[in-house]
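**Student:** Before we start, here is the structure in question, set down as structure tokens.
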Amino acid sequence: MNSENDATPVVALTADDDEFFRIALRSILTKQLGAREVIETGTFDDAIDKLALRRDVSLALFDLQMPGIDDPASLRLVRESFPDVRVVVVSSSQQRENILAALEAGAHGYLPKSLGPGDLARALGLVLEGTIFVPPSLAVLTPAGDASELASSSSEVAVISLTRRQRQVLELLVSGKSNKSIARAMGLGEGTVKIHVAALFRNLGVTNRAAAAAMGARLLVAEKPTNQPKRGEDG
């Protein structure tokens with residue numbers, strides 16, 4: 001996979017104690033994404049040390065089950081210390097609580113290890129282009145036994161029920177726009193945008209922009225073929 005990132009070859013870091021999976025990631029990053037260099041680490045602490053030394057790293061991939069990482073919230077340290085690095089979780093865990101915790105910590109994507117090389121490359125390419133990525137198979141998962149399980153159908157209904165203006169706000173939020181940028185693009189007051197964003201959080205069952213963007217991206221894609229906004233729909 002060749003992308004716009006070829007103009008500035010990526011320096012990536014992988015943090016995973018599974019040496020064979022690191023080898024697979026290195027192949028994907030170099031052969032399909034054109035990475036200039038891949039720095040391999042096997043512990044969370046080693047990854048932090050390497051990031052501190054190598055300020056040219058632009059993409060960091062973290063497993064959730066390796067020495068030094070307690071839970072997805074540990075990624076907050078990475079985001080706060082290295083704000084220019086795009087952080088992606090590549091994990092065998094598919095629990096919704098882990099997905100949302102990682103997104104709340106600032107991760108730019110959450111990818112299951114079960115994805116094939118081509119799908120992993122495409123997803124990482126989207127992350128590098130600015131998308132917050134969660135595969136559709138993970139966007140609606142919940143922990144086993146959770147009474148508040150979010151079914152795919154009910155999530156799609158939540159998006160379909162949005163007004164035209166709320167859907168526009170969601171699309172801009174998914175593209176990474178701030179409230180101020182959304183207000184400027186739509187000709188609205190920033191306070192009005194904040195109200196729409198709060199309504200989106202309620203409808204999507206999330207508590208922050210990263211989670212809303214990840215879930216909204218998947219649901220809007222699923223909705224597009226058959227559910228276009230109706231003409232004259234009230235905003």
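If you're wondering about the labels, chains in the structure tokens are A, B, ... by order shown, residues count from 1 in each chain, ligands from 1 in order shown.
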Which residues, written as an NGL selection string, have at least one atom at most 10 Å from Phe44 of chain A, with only C-alpha atoms counted and residues fewer than 3 positions away on the same chain left out?

**Tutor:** :A and (15-17 or 41 or 47-50 or 62-70 or 74-75 or 78)

**Student:** Skipping near chain neighbours, those fewer than 6 positions away, what residues fall within 12 Å of segment 22-25 of chain A using only C-alpha atoms, listed as a list in words?

**Tutor:**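 Final neighbour list, sorted by chain and number: Ala12, Leu13, Thr14, Ala15, Asp16, Lys31, Gln32, Leu33, Ala35, Glu37, Val38, Ile39, Glu40, Thr41, Gly42, Ala60, Leu61, Phe62, Asp63, Val90, Lys113, Leu115, Gly116, Pro117, Gly118, Leu120, Ala121 and Leu124 of chain A.
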
**Student:** Mind listing the strand (DSSP E or B) residues of segment 66-146 of chain A, per DSSP on the backbone, as a ChimeraX atom specification?

**Tutor:** /A:86-91,109-112,133

**Student:** Print the selection's residues with N, CA and C atoms to a file, as a PDB file, in the first residue's frame.

**Tutor:**
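Contents of the output file again.pdb:
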ATOM      1  N   ARG A  86       1.169   9.371  16.462  1.00  0.00           N
ATOM      2  CA  ARG A  86      -0.134   8.737  16.327  1.00  0.00           C
ATOM      3  C   ARG A  86      -0.045   7.347  16.966  1.00  0.00           C
ATOM      4  N   VAL A  87      -0.896   7.133  17.961  1.00  0.00           N
ATOM      5  CA  VAL A  87      -0.838   5.938  18.798  1.00  0.00           C
ATOM      6  C   VAL A  87      -1.954   4.973  18.424  1.00  0.00           C
ATOM      7  N   VAL A  88      -1.593   3.721  18.172  1.00  0.00           N
ATOM      8  CA  VAL A  88      -2.576   2.707  17.783  1.00  0.00           C
ATOM      9  C   VAL A  88      -2.415   1.478  18.670  1.00  0.00           C
ATOM     10  N   VAL A  89      -3.545   0.951  19.151  1.00  0.00           N
ATOM     11  CA  VAL A  89      -3.535  -0.314  19.881  1.00  0.00           C
ATOM     12  C   VAL A  89      -3.711  -1.443  18.883  1.00  0.00           C
ATOM     13  N   VAL A  90      -2.843  -2.437  18.942  1.00  0.00           N
ATOM     14  CA  VAL A  90      -3.000  -3.665  18.152  1.00  0.00           C
ATOM     15  C   VAL A  90      -3.050  -4.799  19.164  1.00  0.00           C
ATOM     16  N   SER A  91      -4.247  -5.310  19.412  1.00  0.00           N
ATOM     17  CA  SER A  91      -4.440  -6.206  20.554  1.00  0.00           C
ATOM     18  C   SER A  91      -5.316  -7.402  20.210  1.00  0.00           C
ATOM     19  N   GLY A 109      -6.449   4.715  17.142  1.00  0.00           N
ATOM     20  CA  GLY A 109      -7.031   3.543  16.503  1.00  0.00           C
ATOM     21  C   GLY A 109      -6.941   2.333  17.408  1.00  0.00           C
ATOM     22  N   TYR A 110      -7.786   1.348  17.121  1.00  0.00           N
ATOM     23  CA  TYR A 110      -7.798   0.096  17.883  1.00  0.00           C
ATOM     24  C   TYR A 110      -7.999  -1.036  16.888  1.00  0.00           C
ATOM     25  N   LEU A 111      -6.984  -1.876  16.734  1.00  0.00           N
ATOM     26  CA  LEU A 111      -7.007  -2.927  15.712  1.00  0.00           C
ATOM     27  C   LEU A 111      -6.834  -4.297  16.356  1.00  0.00           C
ATOM     28  N   PRO A 112      -7.678  -5.253  15.997  1.00  0.00           N
ATOM     29  CA  PRO A 112      -7.504  -6.616  16.515  1.00  0.00           C
ATOM     30  C   PRO A 112      -6.364  -7.317  15.798  1.00  0.00           C
ATOM     31  N   PHE A 133      -9.471   5.157  13.844  1.00  0.00           N
ATOM     32  CA  PHE A 133      -9.975   3.925  13.228  1.00  0.00           C
ATOM     33  C   PHE A 133     -10.305   2.839  14.237  1.00  0.00           C
TER      34      PHE A 133
END

**Student:** Each residue of segment 48-148 of chain A lying at most 12 Å from segment 177-185 of chain A should get a row with its shortest atom-to-atom pair and the distance in Å to one decimal, counting only C-alpha atoms; could you produce that, ordered by chain and increasing number, as CSV?

**Tutor:**
residue,atom,partner,partner_atom,distance
A:Gly130,CA,A:Lys177,CA,10.5
A:Thr131,CA,A:Lys177,CA,11.0
A:Ile132,CA,A:Lys177,CA,11.9

**Student:** To one decimal in Å, tell me the separation between atom CA of Pro135 of chain A and atom CA of Leu173 of chain A.

**Tutor:**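 Interatomic distance, atom CA of Pro135 of chain A to atom CA of Leu173 of chain A: 17.7 Å.
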